[in-house]
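Listing of input_8.csv, CSV, C-alpha atoms
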chain,number,residue,atom,x,y,z
A,15,MET,CA,2.7,13.5,5.3
A,16,HIS,CA,0.7,10.4,5.5
A,17,GLU,CA,-2.6,12.3,6.2
A,18,ALA,CA,-1.8,15.3,4.0
A,19,SER,CA,-2.2,13.5,0.6
A,20,ALA,CA,-5.4,11.8,1.8
A,21,ILE,CA,-6.8,15.1,2.9
A,22,GLU,CA,-5.9,16.6,-0.5
A,23,SER,CA,-8.3,14.1,-2.0
A,24,VAL,CA,-10.9,14.8,0.6
A,25,VAL,CA,-10.8,18.5,-0.2
A,26,LYS,CA,-11.0,17.8,-3.9
A,27,ILE,CA,-14.1,15.6,-3.5
A,28,VAL,CA,-15.8,18.2,-1.2
A,29,SER,CA,-15.1,20.9,-3.7
A,30,GLU,CA,-16.6,18.8,-6.5
A,31,GLU,CA,-19.7,18.1,-4.5
A,32,ALA,CA,-20.0,21.8,-3.4
A,33,GLU,CA,-19.8,22.8,-7.1
A,34,LYS,CA,-22.6,20.4,-7.9
A,35,LEU,CA,-24.7,22.0,-5.3
A,36,GLY,CA,-24.0,25.4,-6.7
A,37,ALA,CA,-24.7,28.4,-4.5
A,38,ALA,CA,-27.3,26.4,-2.6
A,39,GLY,CA,-25.3,26.2,0.6
A,40,ARG,CA,-22.1,26.3,2.5
A,41,VAL,CA,-20.4,23.1,3.7
A,42,ARG,CA,-20.5,23.0,7.5
A,43,THR,CA,-19.4,19.5,8.3
A,44,VAL,CA,-17.5,16.8,6.5
A,45,LYS,CA,-17.9,13.4,8.0
A,46,LEU,CA,-15.3,10.7,7.4
A,47,VAL,CA,-15.4,7.1,8.3
A,48,VAL,CA,-11.9,5.8,9.1
A,49,GLY,CA,-10.9,2.2,10.0
A,50,GLU,CA,-8.2,2.2,12.6
A,51,ALA,CA,-6.1,-0.1,10.5
A,52,THR,CA,-5.4,2.7,8.1
A,53,GLY,CA,-3.4,4.4,10.8
A,54,HIS,CA,-4.8,7.9,10.1
A,55,LEU,CA,-4.7,10.0,13.2
A,56,GLU,CA,-7.6,12.4,13.9
A,57,GLU,CA,-5.4,15.3,15.0
A,58,ALA,CA,-3.4,15.1,11.8
A,59,LEU,CA,-6.5,14.7,9.6
A,60,VAL,CA,-8.1,17.8,11.2
A,61,PHE,CA,-4.9,19.8,11.0
A,62,TYR,CA,-4.4,19.1,7.3
A,63,PHE,CA,-8.0,19.7,6.6
A,64,ASP,CA,-7.9,23.1,8.1
A,65,VAL,CA,-4.6,24.0,6.3
A,66,LEU,CA,-5.4,22.4,2.9
A,67,GLY,CA,-9.1,23.5,2.9
A,68,LYS,CA,-8.2,27.2,2.9
A,69,GLY,CA,-9.4,28.9,-0.2
A,70,THR,CA,-11.7,26.0,-1.1
A,71,ALA,CA,-15.3,25.0,-0.5
A,72,ALA,CA,-14.1,23.2,2.6
A,73,GLU,CA,-12.8,26.3,4.2
A,74,GLY,CA,-14.3,26.9,7.6
A,75,ALA,CA,-16.0,23.4,7.6
A,76,LYS,CA,-15.6,21.0,10.5
A,77,LEU,CA,-14.1,17.6,9.9
A,78,GLU,CA,-15.7,14.9,11.9
A,79,VAL,CA,-14.0,11.5,12.1
A,80,SER,CA,-15.7,8.3,13.1
A,81,TYR,CA,-13.3,5.4,13.7
A,82,VAL,CA,-14.0,1.8,13.1
A,83,LYS,CA,-12.1,-0.8,15.2
A,84,PRO,CA,-10.6,-3.6,13.2
A,85,ARG,CA,-12.2,-7.0,13.7
A,86,LEU,CA,-10.8,-10.4,13.0
A,87,ARG,CA,-12.6,-13.6,12.2
A,88,CYS,CA,-11.6,-16.7,14.0
A,89,SER,CA,-10.7,-19.4,11.5
A,90,SER,CA,-12.0,-22.1,13.9
A,91,CYS,CA,-15.3,-20.8,15.5
A,92,GLN,CA,-15.9,-18.0,12.9
A,93,LYS,CA,-16.7,-15.4,15.5
A,94,LEU,CA,-15.6,-11.8,14.9
A,95,PHE,CA,-13.4,-10.2,17.6
A,96,GLU,CA,-11.1,-7.3,18.3
A,97,ARG,CA,-7.6,-8.4,18.6
A,98,LYS,CA,-5.3,-7.7,21.6
A,99,ARG,CA,-1.9,-6.2,21.0
A,100,PHE,CA,0.7,-8.6,19.6
A,101,SER,CA,-1.9,-11.4,19.3
A,102,PHE,CA,-4.3,-12.7,16.7
A,103,ASP,CA,-5.7,-15.4,18.9
A,104,CYS,CA,-9.5,-15.8,19.2
A,105,PRO,CA,-10.6,-14.9,22.8
A,106,HIS,CA,-13.5,-17.4,22.6
A,107,CYS,CA,-11.7,-20.6,21.5
A,108,GLY,CA,-8.0,-19.7,21.0
A,109,GLY,CA,-8.1,-20.3,17.3
A,110,GLN,CA,-6.2,-18.3,14.7
A,111,GLY,CA,-7.8,-15.0,13.9
A,112,VAL,CA,-7.6,-13.6,10.3
A,113,ALA,CA,-8.0,-10.1,9.2
A,114,THR,CA,-11.3,-8.9,7.6
A,115,LYS,CA,-12.1,-5.7,5.8
A,116,ILE,CA,-13.7,-4.3,9.0
A,117,GLY,CA,-11.3,-1.6,10.2
A,118,SER,CA,-9.8,-0.6,6.8
A,119,GLU,CA,-12.6,1.8,5.8
A,120,PHE,CA,-11.6,5.2,4.5
A,121,TYR,CA,-14.4,7.2,2.9
A,122,ILE,CA,-16.4,10.4,3.1
A,123,ASP,CA,-19.7,9.4,4.6
A,124,SER,CA,-21.7,12.6,4.2
A,125,LEU,CA,-21.6,16.4,4.1
A,126,GLU,CA,-23.7,18.7,6.2
A,127,ILE,CA,-24.7,21.8,4.2
A,128,GLU,CA,-26.1,25.0,5.6
A,129,ASP,CA,-29.4,25.4,3.9
A,130,MET,CA,-30.0,28.9,2.6
A,131,PRO,CA,-33.5,28.9,1.1
A,132,GLY,CA,-34.3,31.3,-1.6
B,24,MET,CA,-31.0,24.8,9.1
B,25,SER,CA,-28.7,22.3,7.7
B,26,ILE,CA,-29.2,19.3,5.4
B,27,SER,CA,-27.1,16.2,5.3
B,28,ILE,CA,-26.0,14.8,2.0
B,29,GLU,CA,-24.9,11.2,1.9
B,30,LEU,CA,-21.8,10.7,-0.2
B,31,LYS,CA,-20.1,7.4,0.7
B,32,ARG,CA,-17.2,8.3,-1.7
B,33,ALA,CA,-13.9,6.5,-1.3
B,34,ILE,CA,-11.2,9.0,-0.6
B,35,TYR,CA,-8.7,7.2,-2.9
B,36,GLU,CA,-11.2,6.7,-5.7
B,37,GLU,CA,-9.3,8.8,-8.2
B,38,ASN,CA,-6.0,7.1,-7.5
B,39,ASP,CA,-7.7,3.7,-7.6
B,40,ALA,CA,-9.3,4.4,-11.0
B,41,ARG,CA,-6.1,5.6,-12.5
B,42,ALA,CA,-4.2,2.6,-11.2
B,43,ARG,CA,-6.8,0.3,-12.7
B,44,ALA,CA,-6.3,2.0,-16.1
B,45,ILE,CA,-2.5,1.5,-15.8
B,46,ASN,CA,-2.9,-2.1,-14.9
B,47,GLU,CA,-5.2,-2.8,-17.8
B,48,THR,CA,-2.8,-1.2,-20.3
B,49,LEU,CA,0.2,-3.1,-18.9
B,50,ARG,CA,-1.6,-6.4,-18.7
B,51,GLY,CA,-2.8,-5.9,-22.3
B,52,ARG,CA,0.8,-5.8,-23.3
B,53,GLY,CA,1.7,-8.9,-21.4
B,54,ILE,CA,3.6,-7.0,-18.7
B,55,PHE,CA,3.4,-8.4,-15.2
B,56,THR,CA,3.8,-5.7,-12.5
B,57,ILE,CA,4.9,-6.1,-8.9
B,58,ASN,CA,4.7,-3.3,-6.3
B,59,ILE,CA,7.4,-3.9,-3.7
B,60,LEU,CA,6.9,-2.5,-0.2
B,61,GLY,CA,9.2,-2.5,2.8
B,62,GLY,CA,10.9,-0.3,5.3
B,63,PRO,CA,14.2,1.5,4.5
B,64,GLY,CA,17.1,-0.9,4.3
B,65,ALA,CA,14.9,-4.0,4.3
B,66,GLY,CA,16.6,-5.3,1.2
B,67,LYS,CA,14.1,-4.3,-1.6
B,68,THR,CA,16.8,-3.4,-4.1
B,69,SER,CA,18.9,-6.5,-3.3
B,70,PHE,CA,15.8,-8.7,-3.7
B,71,ILE,CA,15.1,-7.1,-7.2
B,72,SER,CA,18.8,-7.6,-8.1
B,73,ARG,CA,18.8,-11.3,-7.2
B,74,VAL,CA,15.6,-12.0,-9.1
B,75,ALA,CA,16.8,-9.8,-12.1
B,76,GLU,CA,19.9,-12.0,-12.4
B,77,ARG,CA,17.8,-15.1,-12.7
B,78,LEU,CA,15.4,-13.5,-15.2
B,79,HIS,CA,18.3,-12.3,-17.3
B,80,ALA,CA,19.9,-15.7,-17.2
B,81,SER,CA,16.8,-17.2,-18.8
B,82,GLY,CA,16.5,-14.3,-21.4
B,83,GLU,CA,13.4,-12.7,-19.8
B,84,LYS,CA,13.0,-8.9,-20.0
B,85,LEU,CA,12.5,-6.6,-17.1
B,86,ALA,CA,12.3,-3.0,-16.1
B,87,VAL,CA,12.4,-1.4,-12.7
B,88,ILE,CA,10.9,1.8,-11.4
B,89,GLU,CA,12.8,3.0,-8.3
B,90,GLY,CA,10.9,5.3,-5.9
B,91,ASP,CA,12.9,7.3,-3.4
B,92,VAL,CA,12.4,10.5,-1.5
B,93,ALA,CA,15.8,11.7,-2.7
B,94,SER,CA,18.8,10.3,-4.7
B,95,ASP,CA,19.2,7.7,-7.5
B,96,ILE,CA,21.7,5.4,-5.7
B,97,ASP,CA,19.5,2.3,-6.3
B,98,THR,CA,18.8,3.1,-9.9
B,99,ARG,CA,22.6,3.5,-10.6
B,100,LEU,CA,23.2,0.2,-8.7
B,101,LEU,CA,20.6,-1.6,-10.8
B,102,ARG,CA,21.9,-0.1,-14.1
B,103,SER,CA,25.4,-1.3,-13.1
B,104,LEU,CA,23.8,-4.8,-13.2
B,105,ASN,CA,22.4,-4.1,-16.7
B,106,VAL,CA,18.9,-3.7,-15.3
B,107,GLU,CA,16.8,-1.1,-17.1
B,108,ALA,CA,15.9,1.2,-14.2
B,109,TYR,CA,14.1,4.5,-13.9
B,110,GLN,CA,14.0,6.8,-10.9
B,111,ILE,CA,11.1,8.6,-9.3
B,112,GLU,CA,12.3,11.1,-6.8
B,113,THR,CA,9.2,12.2,-4.8
B,114,GLY,CA,11.0,15.1,-3.0
B,115,GLY,CA,9.3,14.3,0.3
B,116,ASP,CA,6.2,12.3,-0.5
B,117,CYS,CA,6.3,9.1,1.5
B,118,HIS,CA,4.7,6.8,-1.1
B,119,LEU,CA,4.3,6.3,-4.8
B,120,ASN,CA,0.9,6.9,-6.4
B,121,ALA,CA,-0.8,6.1,-9.7
B,122,PRO,CA,-0.2,9.5,-11.3
B,123,MET,CA,3.5,9.2,-10.6
B,124,ILE,CA,3.6,5.8,-12.4
B,125,GLU,CA,1.6,7.2,-15.3
B,126,GLY,CA,4.1,10.0,-15.6
B,127,ILE,CA,7.2,7.8,-15.7
B,128,LEU,CA,5.7,5.1,-17.9
B,129,GLY,CA,5.3,7.9,-20.5
B,130,ARG,CA,9.0,8.5,-20.4
B,131,MET,CA,10.3,5.0,-20.3
B,132,SER,CA,10.2,2.1,-22.7
B,133,VAL,CA,9.0,-1.2,-21.3
B,134,ALA,CA,9.0,-4.1,-23.8
B,135,ASP,CA,5.8,-6.1,-24.2
B,136,GLY,CA,6.0,-9.3,-22.2
B,137,SER,CA,8.3,-7.8,-19.6
B,138,TRP,CA,8.4,-8.0,-15.9
B,139,LEU,CA,7.9,-4.6,-14.2
B,140,PHE,CA,9.2,-4.1,-10.7
B,141,ILE,CA,8.1,-1.0,-8.8
B,142,GLU,CA,10.2,-0.4,-5.8
B,143,ASN,CA,8.1,1.8,-3.5
B,144,ILE,CA,9.4,4.3,-1.0
B,145,GLY,CA,11.0,2.7,2.1
B,146,ASN,CA,8.1,2.9,4.4
B,147,LEU,CA,5.5,0.4,5.7
B,148,VAL,CA,2.7,2.9,6.3
B,149,CYS,CA,1.2,4.8,3.3
B,150,PRO,CA,2.6,2.8,0.4
B,151,ALA,CA,0.1,0.2,1.6
B,152,GLU,CA,-2.8,2.5,0.8
B,153,TYR,CA,-2.0,3.5,-2.7
B,154,VAL,CA,-2.4,1.1,-5.6
B,155,VAL,CA,-0.1,2.0,-8.5
B,156,GLY,CA,-1.3,-0.4,-11.2
B,157,GLU,CA,0.3,-3.5,-9.9
B,158,ASP,CA,-0.8,-7.1,-10.3
B,159,ILE,CA,0.5,-8.1,-6.9
B,160,LYS,CA,2.2,-6.5,-3.9
B,161,LEU,CA,5.2,-8.0,-2.1
B,162,VAL,CA,6.4,-6.9,1.2
B,163,VAL,CA,10.1,-7.2,2.0
B,164,ALA,CA,11.0,-7.5,5.7
B,165,SER,CA,14.4,-8.2,7.2
B,166,VAL,CA,15.0,-10.3,10.3
B,167,ALA,CA,17.0,-7.3,11.6
B,168,GLU,CA,13.8,-5.2,11.8
B,169,GLY,CA,12.4,-7.7,14.4
B,170,SER,CA,9.7,-10.3,14.5
B,171,ASP,CA,6.9,-7.9,15.4
B,172,LYS,CA,6.5,-6.2,12.0
B,173,PRO,CA,3.2,-7.9,10.9
B,174,TYR,CA,1.7,-6.8,14.2
B,175,LYS,CA,2.8,-3.2,14.0
B,176,TYR,CA,2.2,-2.6,10.3
B,177,PRO,CA,-0.7,-5.0,9.4
B,178,ALA,CA,-1.8,-3.1,6.3
B,179,ALA,CA,1.4,-3.6,4.4
B,180,PHE,CA,1.4,-7.3,5.1
B,181,ALA,CA,-2.3,-7.8,4.6
B,182,LYS,CA,-2.2,-6.6,1.0
B,183,SER,CA,0.8,-8.6,0.0
B,184,ALA,CA,0.8,-11.9,-1.8
B,185,ALA,CA,4.0,-12.9,-0.1
B,186,CYS,CA,6.5,-11.7,2.4
B,187,ILE,CA,10.2,-11.9,1.4
B,188,LEU,CA,12.1,-12.4,4.6
B,189,THR,CA,15.6,-11.1,4.1
B,190,LYS,CA,19.0,-11.1,5.8
B,191,ILE,CA,18.2,-14.6,7.1
B,192,ASP,CA,21.9,-15.1,7.8
B,193,LEU,CA,21.4,-12.7,10.7
B,194,LYS,CA,18.6,-14.6,12.3
B,195,GLU,CA,20.7,-15.9,15.2
B,196,ALA,CA,22.6,-12.7,15.7
B,197,VAL,CA,19.5,-10.6,16.1
B,198,GLY,CA,17.4,-13.2,17.9
B,199,PHE,CA,14.6,-13.3,15.3
B,200,ASP,CA,11.5,-15.2,16.6
B,201,GLU,CA,10.3,-16.8,13.4
B,202,GLU,CA,7.3,-18.5,15.0
B,203,PHE,CA,6.0,-15.2,16.3
B,204,PHE,CA,6.6,-13.6,12.9
B,205,ARG,CA,4.8,-16.4,11.1
B,206,LYS,CA,1.8,-16.2,13.4
B,207,GLY,CA,1.6,-12.5,12.8
B,208,LEU,CA,1.8,-13.0,9.0
B,209,ALA,CA,-0.9,-15.7,9.2
B,210,GLY,CA,-3.2,-13.3,11.2
B,211,THR,CA,-2.7,-10.3,8.9
B,212,ALA,CA,-2.3,-11.9,5.6
B,213,PRO,CA,-4.0,-15.3,5.4
B,214,GLY,CA,-2.6,-17.2,2.5
B,215,ALA,CA,0.5,-15.0,2.1
B,216,LEU,CA,3.7,-17.0,1.7
B,217,LEU,CA,6.9,-16.5,3.7
B,218,LEU,CA,9.9,-16.7,1.3
B,219,PRO,CA,13.3,-16.5,2.8
B,220,LEU,CA,16.2,-14.7,1.1
B,221,ASN,CA,19.9,-14.1,1.7
B,222,GLY,CA,20.4,-11.1,-0.5
B,223,ARG,CA,24.1,-11.3,-0.4
B,224,THR,CA,24.6,-14.9,-1.4
B,225,GLY,CA,21.4,-15.2,-3.4
B,226,GLU,CA,20.2,-18.2,-1.3
B,227,GLY,CA,16.5,-18.5,-1.7
B,228,ALA,CA,16.3,-16.4,-4.9
B,229,ASP,CA,15.8,-19.5,-7.1
B,230,GLU,CA,12.7,-20.5,-5.2
B,231,ILE,CA,11.3,-17.0,-5.1
B,232,THR,CA,11.8,-16.6,-8.9
B,233,ALA,CA,10.1,-19.9,-9.6
B,234,TRP,CA,7.2,-18.9,-7.4
B,235,LEU,CA,7.0,-15.4,-9.1
B,236,ARG,CA,6.9,-17.1,-12.5
B,237,SER,CA,4.0,-19.3,-11.5
B,238,VAL,CA,2.1,-16.2,-10.2
B,239,ARG,CA,2.9,-14.3,-13.4
B,240,THR,CA,1.5,-17.1,-15.6
B,241,ARG,CA,-1.6,-17.3,-13.5
B,242,VAL,CA,-2.2,-13.6,-13.6
B,243,LEU,CA,-1.6,-13.1,-17.3
B,244,GLU,CA,-3.7,-16.0,-18.3
B,245,ALA,CA,-6.6,-14.9,-16.1
Have the structure of the file written as structure tokens, please.
Amino acid sequence: MHEASAIESVVKIVSEEAEKLGAAGRVRTVKLVVGEATGHLEEALVFYFDVLGKGTAAEGAKLEVSYVKPRLRCSSCQKLFERKRFSFDCPHCGGQGVATKIGSEFYIDSLEIEDMPG
Amino acid sequence: MSISIELKRAIYEENDARARAINETLRGRGIFTINILGGPGAGKTSFISRVAERLHASGEKLAVIEGDVASDIDTRLLRSLNVEAYQIETGGDCHLNAPMIEGILGRMSVADGSWLFIENIGNLVCPAEYVVGEDIKLVVASVAEGSDKPYKYPAAFAKSAACILTKIDLKEAVGFDEEFFRKGLAGTAPGALLLPLNGRTGEGADEITAWLRSVRTRVLEA
């Protein structure tokens, strides 16, 4: 369910963009950037994309997902780091790490369109 | 031949825009809106009930939107306490979104200057991703769910102004590790308060209500 409503929005945006392009091309690839902190699983995203894309401009396109690992900033030494499970401690100085926006991305980066000149 | 078209379009842009419009309308009418997240059985409805008693006692107006996958048990409970409550049954959807709130706001009457509590679906995952027009989010977590929740569901905590820690009378019985929980909260949500509540006796509700009043004043005067 979690990924389904997100993919509904993806398909809607892809359809809008395809319409803007008119008959100029067919969407071959949709590239997403997904922060791991969003909890969106690639298998589920791809599954819903194939199901919900049917009958739209996204039908037959490939969904490519690039993940971004969350990074925390140490409140003592200010370094960015990836956290270990069940810990927010800085690996450099042991200080308290705090969440940053890195790792909560969720956007369509680009589309690859098959170019059909003429 | 293929060409690449850069988009950089946020997937939730439409929901976010509609939520912003809801928030502007509500704020313009002096309505302060709280989006309440928490797992099933965390004590979200009890939390609302205890705060509602205190707001009623001082003559303040409030309305509640209850989100559930199915049933209106919580709405009936709140109505039995004289709280104006409205039900959204999502029929399977695991979160509320801005269009659902637009829909129900059109069917309910919220007095200007009210408090509006939106109780989200019991789930710590996707409700964290959808703004619904709120001024602040609160996350309700019970000691019975364990002390690891901020580590396991960071997004829900990260976006909340405070965590209401419920069922505190069960701390000993379930072996709740408060220090570990606090550390996790500090890591995911720097600046978020931890506010304890015993939903059965109401212990802690005075402090929570006082804090909410101060946030409300700050938000509405901004």
Quiz item: Which residue, B:Ser170, B:Thr56, B:Thr48, B:Gln110, has the smallest gap to chain A when you use only C-alpha atoms?
Solution: B:Ser170
Quiz prompt | Using all atoms listed in the file: which of A:Val24, A:Leu125, A:Thr114, A:Gly69 has the shortest distance to Ala33 in chain B | solution =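 Among the listed residues, A:Val24 lies closest to Ala33 in chain B.
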So which residues touch Ala18 in chain A within 12 Å, counting only C-alpha atoms, skipping near sequence neighbours fewer than 6 positions away, as a tab-separated table (two decimals) with C-alpha atoms, in the frame of the given file?
chain	number	residue	atom	x	y	z
A	24	VAL	CA	-10.90	14.80	0.60
A	25	VAL	CA	-10.80	18.50	-0.20
A	54	HIS	CA	-4.80	7.90	10.10
A	55	LEU	CA	-4.70	10.00	13.20
A	56	GLU	CA	-7.60	12.40	13.90
A	57	GLU	CA	-5.40	15.30	15.00
A	58	ALA	CA	-3.40	15.10	11.80
A	59	LEU	CA	-6.50	14.70	9.60
A	60	VAL	CA	-8.10	17.80	11.20
A	61	PHE	CA	-4.90	19.80	11.00
A	62	TYR	CA	-4.40	19.10	7.30
A	63	PHE	CA	-8.00	19.70	6.60
A	64	ASP	CA	-7.90	23.10	8.10
A	65	VAL	CA	-4.60	24.00	6.30
A	66	LEU	CA	-5.40	22.40	2.90
A	67	GLY	CA	-9.10	23.50	2.90
B	115	GLY	CA	9.30	14.30	0.30
B	116	ASP	CA	6.20	12.30	-0.50
B	117	CYS	CA	6.30	9.10	1.50
B	118	HIS	CA	4.70	6.80	-1.10
B	149	CYS	CA	1.20	4.80	3.30
Quiz item: Using all atoms listed in the file, which of B:Leu193, B:Ala228, B:Ala209, B:Met131 sits nearest chain A?
Solution: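 Ranking B:Leu193, B:Ala228, B:Ala209, B:Met131 by distance to chain A, first place goes to B:Ala209.
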Quiz item: What is the CA of Ile111 in chain B to CA of Gly126 in chain B distance in Å?
Solution: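 Going from CA of Ile111 in chain B over to CA of Gly126 in chain B, I get 9.5 Å.
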Quiz item: Could you list as JSON, numbers by chain every residue that has an atom within 10 Å of (-15.0, 22.8, 10.7), using the file's coordinates and counting all atoms listed in the file?
Solution: {"A": [41, 42, 43, 44, 60, 63, 64, 67, 72, 73, 74, 75, 76, 77, 78]}
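Distance annotation: of A:Lys68, A:His16, A:Lys45, A:Arg40, the residue with the minimal separation from chain B is A:His16; atom set is only C-alpha atoms.
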Practice problem: Tell me which protein, DNA and RNA residues are within 6 Å of Ala86 in chain B, counting only C-alpha atoms, leaving out same-chain ones fewer than 2 positions away, and put them as a list of chain:residue names. | Solution: B:Glu107, B:Ala108, B:Leu139
Exercise. Using all atoms listed in the file, find the residues of chain B whose closest atom to chain A is at most 9 Å away, then write them as a ChimeraX atom specification.
Key: /B:24-37,115-118,148-149,151-152,171,174-178,181,206-207,209-213
Give the padded box for range 27-41 of chain A as JSON: axis-aligned, covering all atoms listed in the file, 3 Å on each side, centre and edge lengths in Å to one decimal.
{"center_x": -20.7, "center_y": 22.0, "center_z": -2.1, "size_x": 19.2, "size_y": 18.8, "size_z": 17.6}
Practice problem: In Å, rounded to a single decimal, give me how far CA of Lys190 in chain B is from CA of Asn221 in chain B. | Solution: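 CA of Lys190 in chain B lies at a distance of 5.2 Å from CA of Asn221 in chain B.
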Quiz item: Using only C-alpha atoms, which of B:Ile127, B:Lys172, B:Thr240, B:Ser165 sits nearest Leu218 in chain B?
Solution: B:Ser165
Self-check item: Atomic distance CA of Lys194 in chain B - CA of Val87 in chain B, expressed in Å with one decimal
Solution: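 According to the coordinates, CA of Lys194 in chain B and CA of Val87 in chain B are separated by 28.9 Å.
Distances to Gly136 in chain B were evaluated for B:Leu243, B:Leu188, B:Ile159, B:Leu208 using only C-alpha atoms, and the minimum falls at B:Leu243.
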